[in-house]
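Everything on this sheet refers to the single structure shown next.
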Amino acid sequence: MWDSESESVAGRDYGNGALSSARQGVKTEGFELRDQSWHVATDVPSDLLVHVGEVNFHLHKYPLLSRSGKFNRMIYESRDPDLSKLVLDDLPGGPEAFELAAKFCYGIAVDLTAANISGLRCAAEYLEMTEDLEEGNLIFKTEAFLSYVVLSSWRDSILVIKSCEKLSPWAENLQIVRRCSESIAWKACANPKGIRWAYTGKPPKVSSPKWSEMKESSPSRGHQAPPNWWFEDVSILRIDHFVRVVTAIKVKGMRFELIGEAIMQYATKWLPGLIRDGAGAGDEGSNSGNNHSISGSASWKGGLHMIVAGTKDEPSTVQAKDQRMIIESLISIIPPQKDSVTCSFLLRLLRMANMLKVAPALVTELEKRVGMQFEQASLADLLIPSYNKIETLYDVDLVQRLLEHFLVQEQMEGSSPSRQPFSEKHGYDAAQRVNGQNAKMRVARLVDSYLTEVSRDRNLSLTKFQVLAEALPESARTCDDGLYRAIDSYLKAHPTLTEHERKRLCRVMDCQKLSIDACMHAAQNERLPLRVVVQVLFSEQVKISNTLASSSLKETGGDAHYQPMIPNRKTLLEATPQSFQEGWATAKKDINTLKFELDSMKAKYLELQNDMENLQRQFDKMAKHKQGSAWSSGWKKLSKLTKMSNLENQDIGPQVDECRSNQENS
């Protein structure tokens, strides 16, 4: 009944993916499933019940004890030779893996595939099916299949590392994830000319690259795989395994641009909130075809689908935790090189990081990355809502920090020494200065547009507006039209500003940098302080006068080194177009009107003061008490004496003067 013959060589064959053992202690034709319970198809009654999860296995002790050190130890430690039930709820791989391991113990052929090999390998380790018990045990055979079959195949490596998601920490401890990650990294960094372009994420009609067939035939140029052929497969992995693969690819020397693209595609697939509503097809890293669903094999704890764009509602705790972990992991693996990922992607990632309250250190690191390429940002990406219960609608403080990081980065690049020769270094420094100035000009236009947008917020303080407007150096703006537009928008949204506050607001603008259209608008803008209007008109007239004078000198062949001067008002008005003369006349008329109104107010004040004195005298006459107090009567007498003395002085004054004149004449 019990067979003790040794295992044949054929029983150790794993090349075809089938495992079998010649040792068959119990003659059986296989396993049968009856009402959530597996039974061995044999005439020998079962003497051991193994409970794994919700499935029962009615087995025999001898085949299991001969292959598994775990069963030997459990029965020995129980001190019960008649033990008939064992519970293995913590077995990795669950009932499916134990079914394969039990069949192997009975000598039944087991088909090894990429889908079941990781679970079976972990179950073999759990059951301690080592070579000490019998040569060619399950650990040996599963290891051989992993090394010689799985790791040589791109598709199998992806499927195995995907199946390891439910096998932590066993798959990590057995180095299955590490070995698959290195295999994937090696193949991703290989020359794509010999790869047949196909993905595991595609429909079944299309298969993954077959590495065994790479040398058999070369694909045509039209079907050559692009450098990013591996993005789709890698993006189905869980975030911790994706990080392992990307880290291994970095070590192998993959270009940082490709690594950045892979990160953006992964974020687009697992963080649909990164895609703005109505985003154009030109957004880098966006893949709308992958946003609507994630395949069942890629699902993880119910999936990570959550549209977060344009809302302040906090997601559920589980989804927030999952997405927070994804964002933190992606931030940590973004290549340090500039332009490895787009600025738009970084800003959208920063938006979600603020909403999900990612670790402050990682948020600061992400802000510095945005500052490195801040000139590439767009206004739509900068409009990040305030998620920290700030009064303003948009997070203006965040943009202020991004601008500071940009300026620090520009200063560091400008002061960093170059190792090139002197001649090349001189040209390099000049080009770097030009690029830096162009970047500052682009950032200045971006900041002006941002100020125009956020200025409509009534809760935006004047100080925040002023600090952000003055953060850039004066050389960054060659034209202040955008800044004037932002100031005018702020004045519209804040009509209660005092005169002092309006002057303080307009102080951030240089009137000499306004275009003609902006000057014409400012001349008729009732919201601006009158002094600013005069400055705008006067500076524009000076520019026009200098331009006309310079052009006239060129026509007459005058001095080439003409220094523009400010002429007198009459000459300036004569050389100014009629529209500006009318603007100046209007401003002068407004000033005269204000003076006239001030004089009228003074006259009215004096008139009211006289009326008040008359009313007081009438009141005194109508008083009921004819005799006042001694103090009041004395006071009246004193006032009469004072008036009389004044009259006498007025009469005596001319006489004294006349006497003095007579004495001098005599």
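Labels used: A, B, ... for chains in the order of the structure tokens, numbers from 1 for residues in each chain, and numbers from 1 for ligands as shown.
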Can you pull out the residues contacting Tyr484 (chain A)? Cut-off 9 Å, using only C-alpha atoms, and skip same-chain residues under 6 positions away; I want them as a PyMOL selection string. chain A and resi 448+506+509+514+518+522
Create the file for the chosen residues now, containing N, CA and C atoms and written as a compact mmCIF listing (two decimals), in the first residue's frame.
# COMPACT_ATOMS: atom_id res chain seq x y z
N ASP A 448 2.14 88.22 -13.13
CA ASP A 448 1.16 89.28 -13.40
C ASP A 448 -0.21 88.69 -13.74
N CYS A 506 -0.40 101.36 -5.98
CA CYS A 506 0.13 101.80 -7.27
C CYS A 506 1.63 102.01 -7.23
N MET A 509 4.02 99.73 -9.29
CA MET A 509 4.03 99.85 -10.75
C MET A 509 4.93 100.99 -11.17
N LEU A 514 4.74 101.59 -18.95
CA LEU A 514 3.41 101.32 -19.49
C LEU A 514 3.38 101.62 -20.98
N ALA A 518 -2.06 101.31 -22.37
CA ALA A 518 -2.23 101.31 -20.91
C ALA A 518 -2.28 102.72 -20.36
N ALA A 522 -5.23 104.37 -18.25
CA ALA A 522 -4.97 104.92 -16.92
C ALA A 522 -5.40 106.38 -16.82
Skip Phe374 (chain A) itself and residues of its chain fewer than 6 positions away, then list as a ChimeraX atom specification all residues within 12 Å of it, counting only C-alpha atoms. /A:338-339,342-347,366-368,381-382,399-410,436,439-447
Keeping N, CA, C and O atoms, export the residues of the selection given above as a compact mmCIF listing (two decimals), in the first residue's frame.
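Writing the result to again_15.txt gives the following:
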# COMPACT_ATOMS: atom_id res chain seq x y z
N LYS A 338 16.73 68.42 -13.86
CA LYS A 338 15.71 69.34 -14.31
C LYS A 338 15.07 68.82 -15.60
O LYS A 338 15.73 68.21 -16.44
N ASP A 339 13.79 69.05 -15.75
CA ASP A 339 13.01 68.64 -16.93
C ASP A 339 12.84 67.14 -17.04
O ASP A 339 12.46 66.63 -18.10
N THR A 342 7.46 67.18 -16.31
CA THR A 342 7.00 68.51 -16.68
C THR A 342 6.60 69.31 -15.45
O THR A 342 6.24 68.76 -14.40
N CYS A 343 6.67 70.62 -15.57
CA CYS A 343 6.27 71.49 -14.47
C CYS A 343 4.77 71.38 -14.21
O CYS A 343 4.32 71.49 -13.06
N SER A 344 4.01 71.17 -15.26
CA SER A 344 2.57 70.99 -15.09
C SER A 344 2.27 69.77 -14.22
O SER A 344 1.42 69.81 -13.33
N PHE A 345 2.99 68.68 -14.45
CA PHE A 345 2.81 67.48 -13.63
C PHE A 345 3.18 67.75 -12.18
O PHE A 345 2.49 67.32 -11.25
N LEU A 346 4.29 68.44 -11.96
CA LEU A 346 4.72 68.74 -10.59
C LEU A 346 3.70 69.59 -9.86
O LEU A 346 3.41 69.36 -8.67
N LEU A 347 3.12 70.56 -10.54
CA LEU A 347 2.14 71.43 -9.88
C LEU A 347 0.85 70.69 -9.57
O LEU A 347 0.24 70.89 -8.51
N LEU A 366 9.01 68.98 -3.13
CA LEU A 366 8.26 69.14 -4.37
C LEU A 366 8.20 70.61 -4.78
O LEU A 366 8.28 70.94 -5.97
N GLU A 367 8.05 71.50 -3.81
CA GLU A 367 8.04 72.93 -4.12
C GLU A 367 9.38 73.38 -4.71
O GLU A 367 9.41 74.20 -5.63
N LYS A 368 10.47 72.85 -4.20
CA LYS A 368 11.78 73.19 -4.75
C LYS A 368 11.92 72.68 -6.18
O LYS A 368 12.51 73.37 -7.04
N ASP A 381 -2.41 75.81 -13.85
CA ASP A 381 -1.81 74.93 -12.86
C ASP A 381 -1.46 75.67 -11.57
O ASP A 381 -1.36 75.06 -10.51
N LEU A 382 -1.24 76.99 -11.67
CA LEU A 382 -0.89 77.77 -10.48
C LEU A 382 -2.09 78.08 -9.60
O LEU A 382 -1.92 78.39 -8.41
N VAL A 399 2.33 80.14 -3.93
CA VAL A 399 2.95 80.72 -5.13
C VAL A 399 4.12 81.62 -4.72
O VAL A 399 5.14 81.68 -5.42
N GLN A 400 3.99 82.31 -3.60
CA GLN A 400 5.09 83.13 -3.11
C GLN A 400 6.32 82.26 -2.81
O GLN A 400 7.45 82.62 -3.15
N ARG A 401 6.10 81.10 -2.19
CA ARG A 401 7.22 80.21 -1.90
C ARG A 401 7.83 79.65 -3.18
O ARG A 401 9.06 79.53 -3.30
N LEU A 402 6.99 79.29 -4.14
CA LEU A 402 7.51 78.79 -5.42
C LEU A 402 8.36 79.84 -6.11
O LEU A 402 9.41 79.53 -6.68
N LEU A 403 7.92 81.09 -6.05
CA LEU A 403 8.69 82.18 -6.67
C LEU A 403 10.02 82.38 -5.95
O LEU A 403 11.05 82.63 -6.59
N GLU A 404 10.02 82.25 -4.64
CA GLU A 404 11.28 82.37 -3.90
C GLU A 404 12.24 81.24 -4.25
O GLU A 404 13.45 81.48 -4.42
N HIS A 405 11.73 80.02 -4.38
CA HIS A 405 12.60 78.91 -4.79
C HIS A 405 13.17 79.15 -6.19
O HIS A 405 14.34 78.82 -6.45
N PHE A 406 12.37 79.71 -7.07
CA PHE A 406 12.84 80.01 -8.42
C PHE A 406 13.97 81.03 -8.39
O PHE A 406 15.00 80.86 -9.06
N LEU A 407 13.80 82.09 -7.61
CA LEU A 407 14.83 83.13 -7.55
C LEU A 407 16.11 82.59 -6.91
O LEU A 407 17.22 82.93 -7.35
N VAL A 408 15.98 81.76 -5.89
CA VAL A 408 17.17 81.15 -5.28
C VAL A 408 17.89 80.26 -6.28
O VAL A 408 19.13 80.28 -6.39
N GLN A 409 17.13 79.50 -7.05
CA GLN A 409 17.73 78.62 -8.05
C GLN A 409 18.44 79.43 -9.13
O GLN A 409 19.55 79.09 -9.56
N GLU A 410 17.82 80.52 -9.57
CA GLU A 410 18.45 81.37 -10.58
C GLU A 410 19.74 82.00 -10.04
O GLU A 410 20.73 82.11 -10.76
N GLY A 436 18.69 83.05 -18.28
CA GLY A 436 18.14 83.40 -16.98
C GLY A 436 17.24 84.62 -17.05
O GLY A 436 16.18 84.66 -16.40
N ALA A 439 13.97 83.62 -18.63
CA ALA A 439 13.16 82.87 -17.67
C ALA A 439 12.47 83.82 -16.69
O ALA A 439 11.30 83.65 -16.36
N LYS A 440 13.20 84.82 -16.22
CA LYS A 440 12.60 85.79 -15.30
C LYS A 440 11.49 86.58 -15.96
O LYS A 440 10.48 86.89 -15.33
N MET A 441 11.67 86.91 -17.22
CA MET A 441 10.62 87.65 -17.93
C MET A 441 9.37 86.79 -18.09
O MET A 441 8.24 87.29 -17.94
N ARG A 442 9.55 85.51 -18.39
CA ARG A 442 8.39 84.62 -18.50
C ARG A 442 7.69 84.47 -17.14
O ARG A 442 6.46 84.45 -17.06
N VAL A 443 8.49 84.36 -16.08
CA VAL A 443 7.90 84.25 -14.74
C VAL A 443 7.18 85.54 -14.38
O VAL A 443 6.12 85.50 -13.73
N ALA A 444 7.72 86.69 -14.78
CA ALA A 444 7.06 87.96 -14.49
C ALA A 444 5.69 88.03 -15.16
O ALA A 444 4.70 88.47 -14.54
N ARG A 445 5.62 87.61 -16.42
CA ARG A 445 4.31 87.60 -17.09
C ARG A 445 3.35 86.63 -16.40
O ARG A 445 2.15 86.91 -16.28
N LEU A 446 3.89 85.49 -15.95
CA LEU A 446 3.06 84.51 -15.26
C LEU A 446 2.54 85.07 -13.94
O LEU A 446 1.36 84.91 -13.59
N VAL A 447 3.40 85.73 -13.18
CA VAL A 447 3.00 86.29 -11.90
C VAL A 447 1.96 87.40 -12.10
O VAL A 447 0.99 87.51 -11.33
So which residues touch region 329-334 of chain A within 9 Å, counting only C-alpha atoms, skipping near sequence neighbours fewer than 3 positions away, as a list in words?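 With the cut-off at 9 Å, the set is Ile239, Asp240, Val243, Val246, Thr247, Phe256, Ile259, Gly260, Ile263, Ala267, Arg324, Met325, Ile326, Gln337, Ser340, Val341, Leu349, Leu362, Val363, Glu365 and Leu366 of chain A.
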Out of region 28-103 of chain A, which residues get alpha helix (DSSP H) from DSSP, as a PDB file with N, CA, C and O atoms, in the first residue's frame?
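As written to disk, result.pdb reads:
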ATOM      1  N   LYS A  61      -1.621  11.458   6.443  1.00  0.00           N
ATOM      2  CA  LYS A  61      -0.457  11.987   7.137  1.00  0.00           C
ATOM      3  C   LYS A  61       0.845  11.633   6.429  1.00  0.00           C
ATOM      4  O   LYS A  61       1.731  12.485   6.297  1.00  0.00           O
ATOM      5  N   TYR A  62       0.983  10.416   5.975  1.00  0.00           N
ATOM      6  CA  TYR A  62       2.282   9.976   5.486  1.00  0.00           C
ATOM      7  C   TYR A  62       2.809  10.799   4.309  1.00  0.00           C
ATOM      8  O   TYR A  62       3.978  11.230   4.333  1.00  0.00           O
ATOM      9  N   PRO A  63       2.037  11.060   3.254  1.00  0.00           N
ATOM     10  CA  PRO A  63       2.585  11.873   2.148  1.00  0.00           C
ATOM     11  C   PRO A  63       2.993  13.276   2.602  1.00  0.00           C
ATOM     12  O   PRO A  63       3.981  13.829   2.097  1.00  0.00           O
ATOM     13  N   LEU A  64       2.262  13.825   3.554  1.00  0.00           N
ATOM     14  CA  LEU A  64       2.594  15.168   4.017  1.00  0.00           C
ATOM     15  C   LEU A  64       3.822  15.167   4.910  1.00  0.00           C
ATOM     16  O   LEU A  64       4.695  16.033   4.788  1.00  0.00           O
ATOM     17  N   LEU A  65       3.918  14.183   5.807  1.00  0.00           N
ATOM     18  CA  LEU A  65       5.049  14.128   6.723  1.00  0.00           C
ATOM     19  C   LEU A  65       6.350  13.828   5.992  1.00  0.00           C
ATOM     20  O   LEU A  65       7.427  14.263   6.411  1.00  0.00           O
ATOM     21  N   GLY A  69       8.413  19.639   6.638  1.00  0.00           N
ATOM     22  CA  GLY A  69       8.923  19.741   7.986  1.00  0.00           C
ATOM     23  C   GLY A  69       7.943  20.431   8.919  1.00  0.00           C
ATOM     24  O   GLY A  69       7.943  20.176  10.126  1.00  0.00           O
ATOM     25  N   LYS A  70       7.094  21.287   8.353  1.00  0.00           N
ATOM     26  CA  LYS A  70       6.084  21.972   9.173  1.00  0.00           C
ATOM     27  C   LYS A  70       5.106  20.970   9.778  1.00  0.00           C
ATOM     28  O   LYS A  70       4.789  21.046  10.980  1.00  0.00           O
ATOM     29  N   PHE A  71       4.608  20.062   8.975  1.00  0.00           N
ATOM     30  CA  PHE A  71       3.670  19.058   9.489  1.00  0.00           C
ATOM     31  C   PHE A  71       4.349  18.150  10.526  1.00  0.00           C
ATOM     32  O   PHE A  71       3.745  17.793  11.542  1.00  0.00           O
ATOM     33  N   ASN A  72       5.602  17.789  10.271  1.00  0.00           N
ATOM     34  CA  ASN A  72       6.319  16.973  11.246  1.00  0.00           C
ATOM     35  C   ASN A  72       6.398  17.675  12.596  1.00  0.00           C
ATOM     36  O   ASN A  72       6.156  17.063  13.651  1.00  0.00           O
ATOM     37  N   ARG A  73       6.737  18.953  12.581  1.00  0.00           N
ATOM     38  CA  ARG A  73       6.895  19.679  13.833  1.00  0.00           C
ATOM     39  C   ARG A  73       5.566  19.903  14.532  1.00  0.00           C
ATOM     40  O   ARG A  73       5.472  19.803  15.769  1.00  0.00           O
ATOM     41  N   MET A  74       4.518  20.198  13.777  1.00  0.00           N
ATOM     42  CA  MET A  74       3.216  20.449  14.393  1.00  0.00           C
ATOM     43  C   MET A  74       2.676  19.184  15.069  1.00  0.00           C
ATOM     44  O   MET A  74       2.140  19.248  16.185  1.00  0.00           O
ATOM     45  N   ILE A  75       2.821  18.054  14.407  1.00  0.00           N
ATOM     46  CA  ILE A  75       2.321  16.809  15.009  1.00  0.00           C
ATOM     47  C   ILE A  75       3.177  16.410  16.201  1.00  0.00           C
ATOM     48  O   ILE A  75       2.676  15.939  17.231  1.00  0.00           O
ATOM     49  N   TYR A  76       4.497  16.655  16.081  1.00  0.00           N
ATOM     50  CA  TYR A  76       5.379  16.291  17.190  1.00  0.00           C
ATOM     51  C   TYR A  76       5.105  17.169  18.409  1.00  0.00           C
ATOM     52  O   TYR A  76       5.064  16.678  19.546  1.00  0.00           O
ATOM     53  N   GLU A  77       4.930  18.482  18.178  1.00  0.00           N
ATOM     54  CA  GLU A  77       4.702  19.383  19.294  1.00  0.00           C
ATOM     55  C   GLU A  77       3.332  19.188  19.931  1.00  0.00           C
ATOM     56  O   GLU A  77       3.118  19.591  21.077  1.00  0.00           O
ATOM     57  N   SER A  78       2.407  18.634  19.190  1.00  0.00           N
ATOM     58  CA  SER A  78       1.073  18.415  19.758  1.00  0.00           C
ATOM     59  C   SER A  78       1.056  17.277  20.782  1.00  0.00           C
ATOM     60  O   SER A  78       0.128  17.173  21.586  1.00  0.00           O
ATOM     61  N   GLY A  94      -2.804  30.936   0.386  1.00  0.00           N
ATOM     62  CA  GLY A  94      -4.149  30.473   0.656  1.00  0.00           C
ATOM     63  C   GLY A  94      -4.417  29.056   0.190  1.00  0.00           C
ATOM     64  O   GLY A  94      -3.496  28.263  -0.082  1.00  0.00           O
ATOM     65  N   PRO A  95      -5.706  28.694   0.053  1.00  0.00           N
ATOM     66  CA  PRO A  95      -6.080  27.326  -0.348  1.00  0.00           C
ATOM     67  C   PRO A  95      -5.540  26.923  -1.706  1.00  0.00           C
ATOM     68  O   PRO A  95      -5.236  25.740  -1.928  1.00  0.00           O
ATOM     69  N   GLU A  96      -5.411  27.870  -2.626  1.00  0.00           N
ATOM     70  CA  GLU A  96      -4.927  27.525  -3.965  1.00  0.00           C
ATOM     71  C   GLU A  96      -3.500  27.000  -3.921  1.00  0.00           C
ATOM     72  O   GLU A  96      -3.166  25.985  -4.562  1.00  0.00           O
ATOM     73  N   ALA A  97      -2.633  27.697  -3.163  1.00  0.00           N
ATOM     74  CA  ALA A  97      -1.246  27.241  -3.077  1.00  0.00           C
ATOM     75  C   ALA A  97      -1.136  25.924  -2.318  1.00  0.00           C
ATOM     76  O   ALA A  97      -0.348  25.041  -2.699  1.00  0.00           O
ATOM     77  N   PHE A  98      -1.931  25.748  -1.264  1.00  0.00           N
ATOM     78  CA  PHE A  98      -1.855  24.495  -0.504  1.00  0.00           C
ATOM     79  C   PHE A  98      -2.362  23.323  -1.333  1.00  0.00           C
ATOM     80  O   PHE A  98      -1.865  22.194  -1.201  1.00  0.00           O
ATOM     81  N   GLU A  99      -3.333  23.550  -2.171  1.00  0.00           N
ATOM     82  CA  GLU A  99      -3.827  22.470  -3.036  1.00  0.00           C
ATOM     83  C   GLU A  99      -2.713  21.950  -3.939  1.00  0.00           C
ATOM     84  O   GLU A  99      -2.521  20.730  -4.080  1.00  0.00           O
ATOM     85  N   LEU A 100      -1.927  22.879  -4.526  1.00  0.00           N
ATOM     86  CA  LEU A 100      -0.823  22.459  -5.385  1.00  0.00           C
ATOM     87  C   LEU A 100       0.259  21.747  -4.590  1.00  0.00           C
ATOM     88  O   LEU A 100       0.833  20.741  -5.046  1.00  0.00           O
ATOM     89  N   ALA A 101       0.559  22.269  -3.384  1.00  0.00           N
ATOM     90  CA  ALA A 101       1.582  21.618  -2.559  1.00  0.00           C
ATOM     91  C   ALA A 101       1.145  20.221  -2.131  1.00  0.00           C
ATOM     92  O   ALA A 101       1.954  19.272  -2.118  1.00  0.00           O
ATOM     93  N   ALA A 102      -0.137  20.065  -1.790  1.00  0.00           N
ATOM     94  CA  ALA A 102      -0.639  18.736  -1.396  1.00  0.00           C
ATOM     95  C   ALA A 102      -0.597  17.772  -2.569  1.00  0.00           C
ATOM     96  O   ALA A 102      -0.229  16.582  -2.416  1.00  0.00           O
ATOM     97  N   LYS A 103      -0.959  18.225  -3.758  1.00  0.00           N
ATOM     98  CA  LYS A 103      -0.880  17.358  -4.934  1.00  0.00           C
ATOM     99  C   LYS A 103       0.548  16.923  -5.187  1.00  0.00           C
ATOM    100  O   LYS A 103       0.808  15.773  -5.580  1.00  0.00           O
TER     101      LYS A 103
END
Length of the CA of Met254 (chain A) to CA of Phe231 (chain A) vector [Å]: 12.8 Å
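Using only C-alpha atoms, the nearest neighbour of Lys492 (chain A) within the list A:Val534, A:Leu528, A:Leu167, A:Ala188 is A:Leu528.
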Selection: 6 Å around region 37-48 of chain A, only C-alpha atoms, excl. self and same-chain fewer than 5 positions, as an NGL selection string: :A and (28-32 or 55-60 or 84-85)
Serialized selection, N, CA, C and O atoms, as a PDB file, in the first residue's frame:
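Wrote it out as again.pdb, contents follow:
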ATOM      1  N   THR A  28      -3.580   7.236  -6.033  1.00  0.00           N
ATOM      2  CA  THR A  28      -4.698   8.159  -6.199  1.00  0.00           C
ATOM      3  C   THR A  28      -4.781   8.605  -7.640  1.00  0.00           C
ATOM      4  O   THR A  28      -3.783   8.601  -8.372  1.00  0.00           O
ATOM      5  N   GLU A  29      -5.953   8.955  -7.998  1.00  0.00           N
ATOM      6  CA  GLU A  29      -6.193   9.471  -9.343  1.00  0.00           C
ATOM      7  C   GLU A  29      -6.343  10.988  -9.358  1.00  0.00           C
ATOM      8  O   GLU A  29      -6.530  11.580 -10.414  1.00  0.00           O
ATOM      9  N   GLY A  30      -6.248  11.630  -8.195  1.00  0.00           N
ATOM     10  CA  GLY A  30      -6.370  13.075  -8.138  1.00  0.00           C
ATOM     11  C   GLY A  30      -7.194  13.523  -6.954  1.00  0.00           C
ATOM     12  O   GLY A  30      -7.518  12.741  -6.052  1.00  0.00           O
ATOM     13  N   PHE A  31      -7.554  14.795  -6.958  1.00  0.00           N
ATOM     14  CA  PHE A  31      -8.342  15.401  -5.894  1.00  0.00           C
ATOM     15  C   PHE A  31      -9.753  15.671  -6.410  1.00  0.00           C
ATOM     16  O   PHE A  31      -9.950  15.984  -7.587  1.00  0.00           O
ATOM     17  N   GLU A  32     -10.711  15.570  -5.493  1.00  0.00           N
ATOM     18  CA  GLU A  32     -12.105  15.855  -5.826  1.00  0.00           C
ATOM     19  C   GLU A  32     -12.636  16.915  -4.871  1.00  0.00           C
ATOM     20  O   GLU A  32     -12.375  16.872  -3.663  1.00  0.00           O
ATOM     21  N   VAL A  55     -11.496  26.494   3.399  1.00  0.00           N
ATOM     22  CA  VAL A  55     -11.506  25.232   2.651  1.00  0.00           C
ATOM     23  C   VAL A  55     -10.894  24.145   3.525  1.00  0.00           C
ATOM     24  O   VAL A  55      -9.884  24.369   4.208  1.00  0.00           O
ATOM     25  N   ASN A  56     -11.514  22.976   3.495  1.00  0.00           N
ATOM     26  CA  ASN A  56     -11.020  21.806   4.227  1.00  0.00           C
ATOM     27  C   ASN A  56     -10.381  20.823   3.249  1.00  0.00           C
ATOM     28  O   ASN A  56     -10.889  20.602   2.134  1.00  0.00           O
ATOM     29  N   PHE A  57      -9.279  20.213   3.675  1.00  0.00           N
ATOM     30  CA  PHE A  57      -8.588  19.215   2.873  1.00  0.00           C
ATOM     31  C   PHE A  57      -8.545  17.909   3.681  1.00  0.00           C
ATOM     32  O   PHE A  57      -7.970  17.876   4.782  1.00  0.00           O
ATOM     33  N   HIS A  58      -9.166  16.870   3.148  1.00  0.00           N
ATOM     34  CA  HIS A  58      -9.165  15.546   3.784  1.00  0.00           C
ATOM     35  C   HIS A  58      -8.012  14.743   3.190  1.00  0.00           C
ATOM     36  O   HIS A  58      -8.111  14.210   2.083  1.00  0.00           O
ATOM     37  N   LEU A  59      -6.918  14.649   3.940  1.00  0.00           N
ATOM     38  CA  LEU A  59      -5.679  14.091   3.416  1.00  0.00           C
ATOM     39  C   LEU A  59      -5.196  12.939   4.293  1.00  0.00           C
ATOM     40  O   LEU A  59      -5.880  12.512   5.227  1.00  0.00           O
ATOM     41  N   HIS A  60      -3.950  12.493   3.972  1.00  0.00           N
ATOM     42  CA  HIS A  60      -3.305  11.418   4.711  1.00  0.00           C
ATOM     43  C   HIS A  60      -1.987  11.944   5.284  1.00  0.00           C
ATOM     44  O   HIS A  60      -1.305  12.764   4.655  1.00  0.00           O
ATOM     45  N   SER A  84      -5.822  14.564  14.349  1.00  0.00           N
ATOM     46  CA  SER A  84      -6.510  14.400  13.063  1.00  0.00           C
ATOM     47  C   SER A  84      -6.918  15.725  12.417  1.00  0.00           C
ATOM     48  O   SER A  84      -7.535  15.710  11.352  1.00  0.00           O
ATOM     49  N   LYS A  85      -6.563  16.890  13.013  1.00  0.00           N
ATOM     50  CA  LYS A  85      -6.962  18.170  12.433  1.00  0.00           C
ATOM     51  C   LYS A  85      -5.880  19.207  12.683  1.00  0.00           C
ATOM     52  O   LYS A  85      -5.370  19.344  13.796  1.00  0.00           O
TER      53      LYS A  85
END
